[in-house]
file model01.txt (compact mmCIF, C-alpha atoms and all ligand atoms)
# COMPACT_ATOMS: atom_id res chain seq x y z
CA GLY A 236 64.19 39.22 0.77
CA ASP A 237 60.38 39.21 0.95
CA ALA A 238 60.03 35.94 -0.96
CA VAL A 239 61.81 34.04 1.80
CA PHE A 240 59.55 35.42 4.48
CA GLU A 241 56.39 34.69 2.49
CA VAL A 242 57.13 31.02 3.13
CA TYR A 243 56.26 31.57 6.76
CA GLN A 244 52.99 33.36 6.14
CA LEU A 245 49.77 31.99 4.69
CA PRO A 246 49.16 33.45 1.21
CA GLU A 247 46.23 35.90 1.17
CA GLU A 248 43.93 33.61 -0.83
CA HIS A 249 44.50 30.79 1.66
CA ALA A 250 43.71 33.03 4.61
CA ALA A 251 40.51 33.97 2.76
CA VAL A 252 39.63 30.28 2.30
CA ARG A 253 40.03 29.75 6.03
CA GLU A 254 37.72 32.66 6.82
CA ALA A 255 35.09 31.45 4.36
CA VAL A 256 35.11 27.85 5.64
CA ARG A 257 35.03 28.99 9.25
CA ALA A 258 31.95 31.10 8.58
CA VAL A 259 30.10 28.19 6.98
CA CYS A 260 31.17 25.80 9.73
CA ASP A 261 30.34 28.11 12.65
CA GLY A 262 26.89 28.67 11.20
CA LYS A 263 25.93 25.37 9.62
CA VAL A 264 28.26 22.54 10.65
CA ALA A 265 29.11 23.05 14.34
CA PRO A 266 25.41 23.09 15.35
CA ASN A 267 25.02 19.49 14.04
CA ALA A 268 28.18 18.06 15.59
CA ALA A 269 26.80 16.89 18.93
CA ALA A 270 23.74 15.28 17.34
CA ALA A 271 25.85 13.44 14.75
CA ASP A 272 27.95 12.09 17.62
CA GLU A 273 24.97 11.11 19.77
CA THR A 274 22.84 9.52 17.03
CA GLY A 275 25.62 8.13 14.84
CA GLU A 276 23.78 9.44 11.82
CA PHE A 277 25.51 10.95 8.81
CA PRO A 278 25.23 14.76 9.16
CA GLN A 279 23.36 15.42 5.91
CA ALA A 280 22.75 19.07 6.85
CA SER A 281 26.51 19.57 7.18
CA TYR A 282 27.08 17.88 3.83
CA ASP A 283 24.48 20.14 2.21
CA ALA A 284 26.11 23.26 3.71
CA LEU A 285 29.60 22.20 2.58
CA ARG A 286 28.30 21.35 -0.88
CA ALA A 287 26.50 24.68 -1.24
CA ALA A 288 29.79 26.46 -0.50
CA ASP A 289 31.87 24.05 -2.66
CA PHE A 290 33.85 22.71 0.30
CA HIS A 291 32.73 19.05 0.00
CA ALA A 292 35.52 18.02 -2.45
CA PRO A 293 37.55 21.18 -2.97
CA HIS A 294 40.61 19.40 -4.39
CA ILE A 295 38.93 18.31 -7.66
CA PRO A 296 40.62 20.22 -10.52
CA GLU A 297 38.65 22.82 -12.46
CA GLU A 298 38.83 20.75 -15.67
CA TYR A 299 36.42 18.30 -14.00
CA GLY A 300 34.15 21.02 -12.68
CA GLY A 301 35.85 21.24 -9.29
CA ALA A 302 36.98 24.16 -7.18
CA GLY A 303 40.63 23.38 -8.01
CA ALA A 304 41.89 23.99 -4.48
CA ASP A 305 45.60 23.24 -4.08
CA ALA A 306 46.84 20.86 -1.37
CA LEU A 307 47.28 23.65 1.21
CA ALA A 308 43.80 25.11 0.61
CA THR A 309 42.31 21.62 0.79
CA ALA A 310 44.12 21.02 4.09
CA ILE A 311 42.76 24.31 5.44
CA VAL A 312 39.21 23.36 4.44
CA ILE A 313 39.54 20.01 6.23
CA GLU A 314 41.15 21.65 9.27
CA GLU A 315 38.36 24.20 9.61
CA VAL A 316 35.57 21.64 9.15
CA ALA A 317 37.25 19.41 11.77
CA ARG A 318 37.40 22.34 14.20
CA ALA A 319 33.60 22.31 14.09
CA CYS A 320 32.88 18.61 13.53
CA ALA A 321 35.45 15.86 12.96
CA SER A 322 32.87 13.52 11.40
CA SER A 323 31.98 16.14 8.79
CA SER A 324 35.64 16.76 7.96
CA LEU A 325 35.74 13.23 6.57
CA ILE A 326 33.52 14.45 3.71
CA PRO A 327 36.24 16.53 2.00
CA ALA A 328 39.01 14.26 3.36
CA VAL A 329 37.63 10.95 2.08
CA ASN A 330 36.49 12.46 -1.21
CA LYS A 331 40.16 13.31 -1.72
CA LEU A 332 41.32 9.87 -0.53
CA GLY A 333 38.90 8.03 -2.82
CA THR A 334 39.62 10.10 -5.93
CA MET A 335 43.39 10.53 -5.51
CA PRO A 336 44.12 7.14 -7.16
CA LEU A 337 42.22 8.36 -10.24
CA LEU A 338 43.93 11.75 -10.26
CA LEU A 339 47.33 10.05 -9.98
CA SER A 340 46.91 7.09 -12.29
CA ALA A 341 43.58 6.74 -14.16
CA SER A 342 42.96 7.15 -17.88
CA PRO A 343 41.55 10.52 -19.02
CA GLU A 344 38.25 8.77 -19.84
CA LEU A 345 37.88 7.31 -16.34
CA LYS A 346 38.64 10.68 -14.73
CA GLN A 347 36.17 12.43 -17.02
CA HIS A 348 33.54 9.82 -16.23
CA TYR A 349 33.75 9.90 -12.43
CA LEU A 350 35.19 13.18 -11.18
CA PRO A 351 32.55 15.70 -12.35
CA SER A 352 29.77 14.15 -10.24
CA VAL A 353 32.03 14.27 -7.16
CA ALA A 354 32.88 17.90 -7.93
CA ALA A 355 29.17 18.68 -8.25
CA GLY A 356 28.42 16.99 -4.93
CA ASP A 357 26.14 14.37 -6.50
CA ALA A 358 28.39 11.51 -5.42
CA MET A 359 31.07 10.75 -2.83
CA PHE A 360 34.09 8.48 -3.27
CA SER A 361 35.48 6.00 -0.72
CA TYR A 362 38.80 4.14 -0.57
CA CYS A 363 38.89 0.37 -0.04
CA LEU A 364 42.36 -0.86 0.91
CA SER A 365 42.12 -2.57 4.33
CA GLU A 366 40.66 -6.00 4.96
CA PRO A 367 39.84 -8.00 8.10
CA ASP A 368 43.30 -9.65 7.96
CA ALA A 369 45.23 -6.94 6.11
CA GLY A 370 45.51 -3.67 8.03
CA SER A 371 49.07 -2.41 8.54
CA ASP A 372 50.18 -5.12 6.10
CA ALA A 373 48.15 -3.70 3.24
CA ALA A 374 49.97 -5.80 0.62
CA GLY A 375 48.71 -8.94 2.39
CA MET A 376 45.21 -8.35 0.99
CA LYS A 377 43.14 -11.29 -0.27
CA THR A 378 40.46 -9.62 -2.41
CA ARG A 379 40.80 -10.99 -5.93
CA ALA A 380 40.12 -9.54 -9.35
CA VAL A 381 40.14 -11.96 -12.29
CA LEU A 382 39.79 -10.96 -15.93
CA ASP A 383 37.01 -12.84 -17.72
CA GLY A 384 36.83 -11.72 -21.35
CA ASP A 385 36.26 -7.99 -21.16
CA THR A 386 35.10 -7.87 -17.54
CA TRP A 387 36.92 -8.00 -14.22
CA VAL A 388 35.30 -10.19 -11.58
CA LEU A 389 35.92 -9.06 -8.00
CA ASN A 390 35.53 -11.13 -4.84
CA GLY A 391 36.48 -10.25 -1.27
CA VAL A 392 35.82 -8.24 1.86
CA LYS A 393 37.08 -4.71 2.57
CA ARG A 394 36.95 -3.41 6.15
CA TRP A 395 36.99 0.00 7.91
CA ILE A 396 35.64 1.75 4.85
CA THR A 397 34.88 5.36 5.73
CA ASN A 398 31.59 6.67 4.33
CA ALA A 399 30.69 3.19 3.04
CA GLY A 400 27.06 3.10 2.01
CA VAL A 401 26.76 6.86 1.58
CA SER A 402 29.45 6.96 -1.13
CA GLU A 403 28.36 6.20 -4.68
CA TYR A 404 31.87 5.21 -5.84
CA TYR A 405 34.72 3.12 -4.39
CA THR A 406 38.37 2.75 -5.29
CA VAL A 407 38.98 -0.94 -4.64
CA PHE A 408 42.43 -2.53 -4.46
CA ALA A 409 42.53 -6.22 -5.39
CA VAL A 410 45.05 -8.93 -6.18
CA THR A 411 45.37 -9.64 -9.90
CA ASP A 412 48.61 -11.70 -9.71
CA PRO A 413 48.96 -13.56 -6.40
CA ALA A 414 52.56 -14.63 -7.06
CA ALA A 415 53.76 -11.02 -7.40
CA ARG A 416 52.63 -9.79 -3.93
CA SER A 417 52.67 -5.96 -3.89
CA ARG A 418 53.43 -5.85 -7.65
CA GLY A 419 50.38 -8.03 -8.30
CA ILE A 420 47.80 -5.62 -6.90
CA SER A 421 45.57 -3.47 -9.12
CA ALA A 422 43.11 -0.64 -8.48
CA PHE A 423 39.52 -0.44 -9.78
CA VAL A 424 36.46 1.77 -9.59
CA VAL A 425 33.44 -0.04 -8.17
CA GLU A 426 30.01 1.55 -7.98
CA LYS A 427 27.57 1.10 -5.12
CA SER A 428 24.94 0.04 -7.67
CA ASP A 429 27.11 -2.73 -9.20
CA GLU A 430 25.50 -6.13 -8.72
CA GLY A 431 27.18 -8.05 -5.89
CA VAL A 432 28.18 -4.99 -3.83
CA SER A 433 26.78 -4.88 -0.28
CA PHE A 434 27.71 -3.40 3.10
CA GLY A 435 28.19 -4.63 6.66
CA ALA A 436 26.53 -3.20 9.74
CA PRO A 437 27.96 0.18 10.79
CA GLU A 438 30.90 -0.26 13.21
CA ARG A 439 30.18 0.89 16.79
CA LYS A 440 33.08 3.30 17.32
CA LEU A 441 34.64 5.45 20.04
CA GLY A 442 34.47 8.62 17.91
CA ILE A 443 33.79 10.10 14.46
CA LYS A 444 30.38 8.54 14.94
CA GLY A 445 28.70 10.70 12.31
CA SER A 446 30.87 9.18 9.60
CA PRO A 447 29.72 5.65 8.80
CA THR A 448 32.43 2.96 8.83
CA ARG A 449 31.32 -0.35 7.31
CA GLU A 450 32.61 -3.42 5.57
CA VAL A 451 32.22 -3.60 1.81
CA TYR A 452 31.41 -7.05 0.41
CA LEU A 453 32.29 -7.88 -3.18
CA ASP A 454 30.47 -10.98 -4.33
CA ASN A 455 31.19 -11.81 -7.98
CA VAL A 456 31.09 -8.13 -8.88
CA ARG A 457 31.54 -7.86 -12.67
CA ILE A 458 32.87 -4.55 -13.95
CA PRO A 459 34.00 -3.42 -17.43
CA ALA A 460 37.72 -3.89 -18.16
CA ASP A 461 38.25 -0.15 -18.53
CA ARG A 462 37.38 0.49 -14.86
CA ILE A 463 40.93 -0.45 -13.91
CA ILE A 464 42.95 2.50 -12.58
CA GLY A 465 46.32 2.45 -14.36
CA ALA A 466 48.06 -0.71 -15.55
CA PRO A 467 47.60 -4.09 -13.84
CA GLY A 468 50.11 -4.51 -11.01
CA THR A 469 50.47 -0.79 -10.28
CA GLY A 470 47.69 -0.66 -7.67
CA PHE A 471 49.84 -0.93 -4.55
CA ALA A 472 52.14 1.88 -5.62
CA THR A 473 49.05 3.99 -6.40
CA ALA A 474 47.64 3.18 -2.96
CA MET A 475 50.88 4.26 -1.25
CA GLN A 476 51.29 7.41 -3.37
CA THR A 477 47.69 8.32 -2.51
CA LEU A 478 48.39 7.95 1.21
CA ASP A 479 51.51 10.12 0.87
CA HIS A 480 49.16 12.95 -0.16
CA THR A 481 46.23 12.21 2.12
CA ARG A 482 48.20 11.68 5.33
CA VAL A 483 48.59 15.45 5.06
CA THR A 484 44.80 15.78 5.17
CA ILE A 485 44.57 13.61 8.29
CA ALA A 486 47.20 15.84 9.88
CA ALA A 487 44.96 18.79 8.97
CA GLN A 488 41.96 17.05 10.51
CA ALA A 489 43.95 16.51 13.72
CA LEU A 490 44.93 20.20 13.78
CA GLY A 491 41.30 21.22 13.46
CA ILE A 492 40.12 18.95 16.27
CA ALA A 493 42.91 20.25 18.51
CA GLN A 494 42.20 23.89 17.65
CA GLY A 495 38.52 23.40 18.45
CA ALA A 496 39.45 21.96 21.85
CA LEU A 497 41.99 24.70 22.62
CA ASP A 498 39.57 27.47 21.60
CA PHE A 499 36.85 26.07 23.84
CA ALA A 500 39.22 25.61 26.78
CA LEU A 501 40.57 29.18 26.39
CA GLY A 502 37.05 30.54 26.75
CA TYR A 503 36.27 28.33 29.70
CA VAL A 504 39.33 29.10 31.84
CA GLN A 505 38.61 32.83 31.62
CA GLU A 506 35.01 32.35 32.79
CA ARG A 507 35.45 29.67 35.42
CA LYS A 508 36.23 31.08 38.86
CA GLN A 509 37.80 29.14 41.74
CA PHE A 510 39.52 30.50 44.84
CA GLY A 511 38.02 33.89 44.01
CA LYS A 512 39.48 34.38 40.54
CA PRO A 513 39.33 33.03 36.98
CA ILE A 514 41.35 29.80 36.79
CA ALA A 515 43.22 31.38 33.84
CA ASP A 516 45.05 33.47 36.47
CA PHE A 517 46.79 30.39 37.85
CA GLN A 518 50.21 29.67 36.43
CA GLY A 519 49.54 25.91 36.47
CA ILE A 520 46.70 26.50 34.00
CA GLN A 521 48.74 28.98 31.97
CA PHE A 522 51.59 26.50 31.51
CA MET A 523 49.13 23.90 30.22
CA LEU A 524 47.67 26.40 27.75
CA ALA A 525 51.12 27.42 26.55
CA ASP A 526 52.14 23.82 25.91
CA MET A 527 48.89 23.14 24.04
CA GLY A 528 49.32 26.20 21.83
CA MET A 529 52.99 25.46 21.18
CA LYS A 530 52.39 21.83 20.15
CA LEU A 531 49.50 22.84 17.93
CA GLU A 532 51.51 25.48 16.10
CA ALA A 533 54.48 23.13 15.60
CA ALA A 534 52.07 20.56 14.15
CA ARG A 535 50.51 23.19 11.90
CA GLN A 536 53.83 24.36 10.49
CA LEU A 537 54.88 20.78 9.71
CA THR A 538 51.49 20.03 8.15
CA TYR A 539 51.56 23.09 5.90
CA ALA A 540 55.13 22.28 4.84
CA ALA A 541 53.92 18.78 3.97
CA ALA A 542 50.97 20.29 2.05
CA ALA A 543 53.38 22.38 -0.01
CA LYS A 544 55.32 19.20 -0.82
CA SER A 545 52.07 17.44 -1.72
CA GLU A 546 51.16 20.26 -4.09
CA ARG A 547 54.57 20.15 -5.79
CA GLY A 548 54.78 16.35 -5.72
CA ASP A 549 58.18 16.55 -4.04
CA LYS A 550 60.15 13.34 -3.63
CA ASP A 551 60.30 13.73 0.16
CA LEU A 552 56.50 13.89 0.47
CA THR A 553 56.53 10.27 1.68
CA TYR A 554 58.60 11.36 4.69
CA PHE A 555 56.76 14.64 5.31
CA GLY A 556 53.29 13.14 4.92
CA ALA A 557 54.09 10.45 7.50
CA ALA A 558 55.79 12.95 9.84
CA ALA A 559 52.94 15.47 9.67
CA LYS A 560 50.24 12.84 10.23
CA CYS A 561 52.14 11.25 13.12
CA PHE A 562 53.11 14.49 14.85
CA ALA A 563 49.78 16.28 14.41
CA SER A 564 47.69 13.33 15.55
CA ASP A 565 49.85 12.76 18.65
CA ALA A 566 49.58 16.50 19.38
CA ALA A 567 45.80 16.42 18.91
CA MET A 568 45.46 13.55 21.36
CA GLN A 569 47.55 15.41 23.98
CA ILE A 570 45.80 18.74 23.43
CA THR A 571 42.26 17.35 23.54
CA THR A 572 43.10 15.31 26.65
CA ASP A 573 44.52 18.41 28.36
CA ALA A 574 41.46 20.41 27.29
CA VAL A 575 39.21 17.88 29.04
CA GLN A 576 41.45 18.25 32.11
CA LEU A 577 41.09 22.04 32.09
CA LEU A 578 37.32 21.66 32.36
CA GLY A 579 37.61 19.12 35.17
CA GLY A 580 34.38 17.24 35.78
CA TYR A 581 32.58 19.33 33.17
CA GLY A 582 35.06 18.19 30.53
CA TYR A 583 34.10 14.61 31.23
CA THR A 584 30.41 15.15 30.48
CA LYS A 585 28.45 15.32 27.26
CA ASP A 586 27.21 18.78 28.27
CA PHE A 587 30.48 20.09 26.83
CA PRO A 588 32.08 19.23 23.46
CA LEU A 589 35.51 18.32 24.77
CA GLU A 590 34.98 14.65 25.54
CA ARG A 591 33.73 14.26 21.94
CA MET A 592 36.82 16.03 20.59
CA MET A 593 39.07 13.77 22.66
CA ARG A 594 37.31 10.66 21.33
CA ASP A 595 37.42 12.01 17.78
CA ALA A 596 41.14 12.80 18.05
CA LYS A 597 42.02 9.19 18.84
CA ILE A 598 41.27 7.89 15.34
CA THR A 599 43.81 10.24 13.78
CA GLN A 600 46.57 8.19 15.45
CA ILE A 601 45.15 5.05 13.88
CA TYR A 602 43.75 5.49 10.38
CA GLU A 603 45.59 6.07 7.12
CA GLY A 604 48.31 4.02 8.76
CA THR A 605 48.90 3.77 12.52
CA ASN A 606 51.51 6.08 13.96
CA GLN A 607 53.73 3.03 14.34
CA VAL A 608 53.49 2.50 10.55
CA GLN A 609 54.29 6.20 10.05
CA ARG A 610 57.47 5.71 12.06
CA ILE A 611 58.39 2.71 9.89
CA VAL A 612 57.85 4.84 6.79
CA MET A 613 59.95 7.71 8.20
CA ALA A 614 62.78 5.43 9.36
CA ARG A 615 62.95 3.71 5.95
CA GLN A 616 63.18 7.11 4.25
CA LEU A 617 65.90 8.22 6.65
CA LEU A 618 67.90 5.04 6.18
CA ASN A 619 67.40 4.45 2.46
CA GLY A 620 66.68 7.94 1.19
N1 LIG B 1 55.14 5.62 -3.16
C1 LIG B 1 55.34 4.81 -4.22
N2 LIG B 1 55.61 3.50 -4.13
C2 LIG B 1 55.70 2.99 -2.89
C3 LIG B 1 55.51 3.76 -1.73
C4 LIG B 1 55.22 5.12 -1.90
N3 LIG B 1 55.03 5.93 -0.84
N4 LIG B 1 55.65 2.98 -0.66
C5 LIG B 1 55.93 1.75 -1.12
N5 LIG B 1 55.96 1.75 -2.47
C6 LIG B 1 56.27 0.63 -3.36
C7 LIG B 1 57.69 0.20 -3.08
O1 LIG B 1 58.60 0.96 -3.86
C8 LIG B 1 57.68 -1.24 -3.51
O2 LIG B 1 57.74 -1.30 -4.91
P1 LIG B 1 58.70 -2.35 -5.66
O3 LIG B 1 58.25 -3.69 -5.25
O4 LIG B 1 58.46 -2.06 -7.10
O5 LIG B 1 60.09 -2.04 -5.18
C9 LIG B 1 56.28 -1.69 -3.11
O6 LIG B 1 55.48 -0.50 -3.04
C10 LIG B 1 56.22 -2.42 -1.80
O7 LIG B 1 56.76 -1.54 -0.82
P2 LIG B 1 57.23 -2.04 0.62
O8 LIG B 1 58.15 -3.22 0.45
O9 LIG B 1 57.68 -0.87 1.39
O10 LIG B 1 55.83 -2.59 1.17
P3 LIG B 1 55.48 -3.23 2.57
O11 LIG B 1 54.65 -4.42 2.35
O12 LIG B 1 56.72 -3.37 3.42
O13 LIG B 1 54.49 -2.12 3.22
C11 LIG B 1 53.93 -0.22 4.57
C12 LIG B 1 54.91 -0.88 3.59
C13 LIG B 1 54.48 1.19 4.72
C14 LIG B 1 53.91 -0.91 5.92
C15 LIG B 1 52.51 -0.19 3.95
O14 LIG B 1 51.93 -1.47 3.90
C16 LIG B 1 51.57 0.73 4.70
O15 LIG B 1 51.57 1.94 4.48
N6 LIG B 1 50.71 0.16 5.61
C17 LIG B 1 49.66 0.90 6.26
C18 LIG B 1 48.42 0.84 5.41
C19 LIG B 1 47.55 2.04 5.61
O16 LIG B 1 47.99 3.16 5.73
N7 LIG B 1 46.25 1.79 5.59
C20 LIG B 1 45.31 2.84 5.69
C21 LIG B 1 44.03 2.41 5.08
S1 LIG B 1 43.11 3.75 4.45
C22 LIG B 1 42.23 4.41 5.73
O17 LIG B 1 42.52 4.28 6.86
C23 LIG B 1 41.18 5.25 5.20
C24 LIG B 1 40.08 5.73 6.02
O18 LIG B 1 39.11 5.08 6.23
C25 LIG B 1 40.10 7.15 6.40
call {"tool": "encode", "arguments": {"input": "model01.txt", "output": "structure tokens"}}
result
Amino acid sequence: GDAVFEVYQLPEEHAAVREAVRAVCDGKVAPNAAAADETGEFPQASYDALRAADFHAPHIPEEYGGAGADALATAIVIEEVARACASSSLIPAVNKLGTMPLLLSASPELKQHYLPSVAAGDAMFSYCLSEPDAGSDAAGMKTRAVLDGDTWVLNGVKRWITNAGVSEYYTVFAVTDPAARSRGISAFVVEKSDEGVSFGAPERKLGIKGSPTREVYLDNVRIPADRIIGAPGTGFATAMQTLDHTRVTIAAQALGIAQGALDFALGYVQERKQFGKPIADFQGIQFMLADMGMKLEAARQLTYAAAAKSERGDKDLTYFGAAAKCFASDAAMQITTDAVQLLGGYGYTKDFPLERMMRDAKITQIYEGTNQVQRIVMARQLLNG
């Protein structure tokens, strides 16, 4: 009946979200994308536009003053922002990443204390898992948290922290029981203004240059005992559960980058004339376009299926989150690379946005777990259920 077929069609309210985000992004985000890339400066004007429309952290539930967007609507917001500017799409994406540990595991008091200011757009939230010597092996982290009376004392270095410095709040994972390895890791909220918190120089990256990536240094940072997220020792599981949900948002980001590249290339091939006709008339070009569109749509369907699982908290989200992130990011890399090819020499220059999109796409195969880690996650799920 109809209910079965609704599965394959975006609900009306989600289609409306896409239209609304696209309008804001066409008007107020896309125009800043090239400058953010060239200067490496945080696109404050894009943040302000997203905030004014309530797209900066749409996933925050209404009880904390948020827009209460479900996982699919949040993915659509991130996708549409990424279509205009990948750097800016890390605003809603990393706000979700940073706050997801609280939403999953924090006390009601901690959630009530921190989430409303993120919902209001007064603060952003970053996620501090990786370290210089603990990337794919996240449980190999060295950052320590030691309880001293009624304060935790944190020491260590976190690396590759998206939006570090511009975020007010940080979810920090630290070892509380070194003998227990992954069961001896705990999660905490650290504030930028806490004494002993400082930041490294911005990394000089290939892409997403408008989103600052810096180290976070924790030097005898003393925080109240109640800033722990969940019980001691549950931090690693919280970190992994968070990534199960947010790998879907990286998949959405990859979709958006790829769609932006395909849309631009489609316009170009119909304008560009060689051998006396638009290059779109050549079958060699048409076959490339068809492959790009087909890969993008396959990635989109998998990503939206994963978003539905994220919303329901399905048991197989671990598998679907990894699969969507891996497939969509590989597709985005292929599609943006082909889009550069369709523009030939023009695609290779900064006079056109495609080389930026290709550089921006690359990170989606790397962060929130490399695509090799995603394959490990998928294989373990296949083999062990
Ligand atoms: N949900 C709940 N619990 C989970 C889980 C999940 N998805 N995955 C693992 N766990 C639990 C396991 O059940 C296990 O618990 P028990 O000890 O109680 O049995 C524990 O965690 C350890 O699990 P593993 O033995 O599987 O752990 P591992 O050390 O082999 O690591 C890994 C597994 C998949 C490789 C993991 O380390 C990983 O995902 N690595 C990649 C890290 C990553 O994605 N980093 C991204 C950083 S964030 C970022 O990039 C942000 C940005 O700036 C945008």
call {"tool": "closest_atom_pairs", "arguments": {"input": "model01.txt", "of": "chain A", "to": "ligand LIG 1 (chain B)", "cutoff": "7 Å", "atoms": "all atoms listed in the file", "output": "CSV"}}
result
residue,atom,partner,partner_atom,distance
A:Val329,CA,B:LIG1,C25,6.3
A:Tyr362,CA,B:LIG1,C23,6.3
A:Leu364,CA,B:LIG1,C21,5.6
A:Ser365,CA,B:LIG1,C21,5.4
A:Gly370,CA,B:LIG1,C18,6.0
A:Ser371,CA,B:LIG1,C17,4.1
A:Asp372,CA,B:LIG1,O14,4.6
A:Ala373,CA,B:LIG1,O14,4.4
A:Ala374,CA,B:LIG1,O11,5.2
A:Trp395,CA,B:LIG1,O18,5.8
A:Ile396,CA,B:LIG1,O18,5.0
A:Thr397,CA,B:LIG1,O18,4.3
A:Ser417,CA,B:LIG1,C10,5.4
A:Arg418,CA,B:LIG1,O3,5.8
A:Phe471,CA,B:LIG1,O6,5.9
A:Ala472,CA,B:LIG1,N2,4.1
A:Thr473,CA,B:LIG1,C1,6.7
A:Met475,CA,B:LIG1,C4,4.5
A:Gln476,CA,B:LIG1,N1,4.3
A:Leu478,CA,B:LIG1,O16,6.6
A:Asp479,CA,B:LIG1,N3,5.7
A:Thr553,CA,B:LIG1,N3,5.2
A:Tyr602,CA,B:LIG1,O17,3.9
A:Glu603,CA,B:LIG1,C20,3.5
A:Gly604,CA,B:LIG1,O16,3.2
A:Thr605,CA,B:LIG1,O16,6.9
A:Val608,CA,B:LIG1,C14,5.8
A:Ile611,CA,B:LIG1,C13,6.7
A:Val612,CA,B:LIG1,C13,5.4
call {"tool": "closest_residue", "arguments": {"input": "model01.txt", "among": "A:Thr411, A:Ser446, A:Gln607, A:Ser433", "to": "Asn398 in chain A", "atoms": "only C-alpha atoms"}}
result
A:Ser446
call {"tool": "atom_distance", "arguments": {"input": "model01.txt", "atom1": "CA of Ala292 in chain A", "atom2": "CA of Tyr404 in chain A"}}
result
13.7 Å
call {"tool": "residues_around", "arguments": {"input": "model01.txt", "residues": "Phe587 in chain A", "least_positions_apart": "5", "cutoff": "9 Å", "atoms": "all atoms listed in the file", "output": "list in words"}}
result
Leu578, Tyr581 and Gly582 of chain A
call {"tool": "atom_distance", "arguments": {"input": "model01.txt", "atom1": "CA of Gln609 in chain A", "atom2": "CA of Lys560 in chain A"}}
result
7.8 Å
call {"tool": "atom_distance", "arguments": {"input": "model01.txt", "atom1": "CA of His291 in chain A", "atom2": "CA of Gly356 in chain A"}}
result
6.9 Å
call {"tool": "residues_near_point", "arguments": {"input": "model01.txt", "point": "(38.1, 28.0, -6.2)", "cutoff": "6 Å", "atoms": "all atoms listed in the file", "output": "ChimeraX atom specification"}}
result
/A:302-304
call {"tool": "closest_atom_pairs", "arguments": {"input": "model01.txt", "of": "range 471-508 of chain A", "to": "range 525-529 of chain A", "cutoff": "10 Å", "atoms": "all atoms listed in the file", "output": "JSON lines"}}
result
{"residue": "A:Ala493", "atom": "CA", "partner": "A:Met527", "partner_atom": "CA", "distance": 8.6}
{"residue": "A:Gln494", "atom": "CA", "partner": "A:Gly528", "partner_atom": "CA", "distance": 8.6}
{"residue": "A:Ala496", "atom": "CA", "partner": "A:Met527", "partner_atom": "CA", "distance": 9.8}
{"residue": "A:Leu497", "atom": "CA", "partner": "A:Met527", "partner_atom": "CA", "distance": 7.2}
{"residue": "A:Asp498", "atom": "CA", "partner": "A:Gly528", "partner_atom": "CA", "distance": 9.8}
call {"tool": "residues_around", "arguments": {"input": "model01.txt", "residues": "Glu438 in chain A", "least_positions_apart": "6", "cutoff": "8 Å", "atoms": "only C-alpha atoms", "output": "ChimeraX atom specification"}}
result
/A:447-449
call {"tool": "closest_residue", "arguments": {"input": "model01.txt", "among": "A:Glu273, A:Ala466, A:Gly491, A:Gly556", "to": "Arg253 in chain A", "atoms": "all atoms listed in the file"}}
result
A:Gly491
call {"tool": "residues_near_point", "arguments": {"input": "model01.txt", "point": "(42.5, 18.3, -0.1)", "cutoff": "7 Å", "atoms": "all atoms listed in the file", "output": "list in words"}}
result
Pro293, His294, Ala306, Ala308, Thr309, Ala310, Pro327, Ala328, Lys331 and Thr484 of chain A
call {"tool": "write_last_selection", "arguments": {"input": "model01.txt", "atoms": "C-alpha atoms", "output": "short mmCIF file (atom, residue, chain, number, x, y, z; two decimals), in the coordinates of the input"}}
result
data_model
loop_
_atom_site.label_atom_id
_atom_site.label_comp_id
_atom_site.auth_asym_id
_atom_site.auth_seq_id
_atom_site.Cartn_x
_atom_site.Cartn_y
_atom_site.Cartn_z
CA PRO A 293 37.55 21.18 -2.97
CA HIS A 294 40.61 19.40 -4.39
CA ALA A 306 46.84 20.86 -1.37
CA ALA A 308 43.80 25.11 0.61
CA THR A 309 42.31 21.62 0.79
CA ALA A 310 44.12 21.02 4.09
CA PRO A 327 36.24 16.53 2.00
CA ALA A 328 39.01 14.26 3.36
CA LYS A 331 40.16 13.31 -1.72
CA THR A 484 44.80 15.78 5.17
#
call {"tool": "axis_aligned_box", "arguments": {"input": "model01.txt", "around": "range 449-455 of chain A", "padding_each_side": "4 Å", "output": "AutoDock Vina command-line options"}}
result
--center_x 31.5 --center_y -6.1 --center_z -0.3 --size_x 10.1 --size_y 19.5 --size_z 23.3
call {"tool": "residues_around", "arguments": {"input": "model01.txt", "residues": "Gln600 in chain A", "least_positions_apart": "4", "cutoff": "12 Å", "atoms": "only C-alpha atoms", "output": "PyMOL selection string"}}
result
chain A and resi 482+485-486+488-489+557-569+593-596+604-610
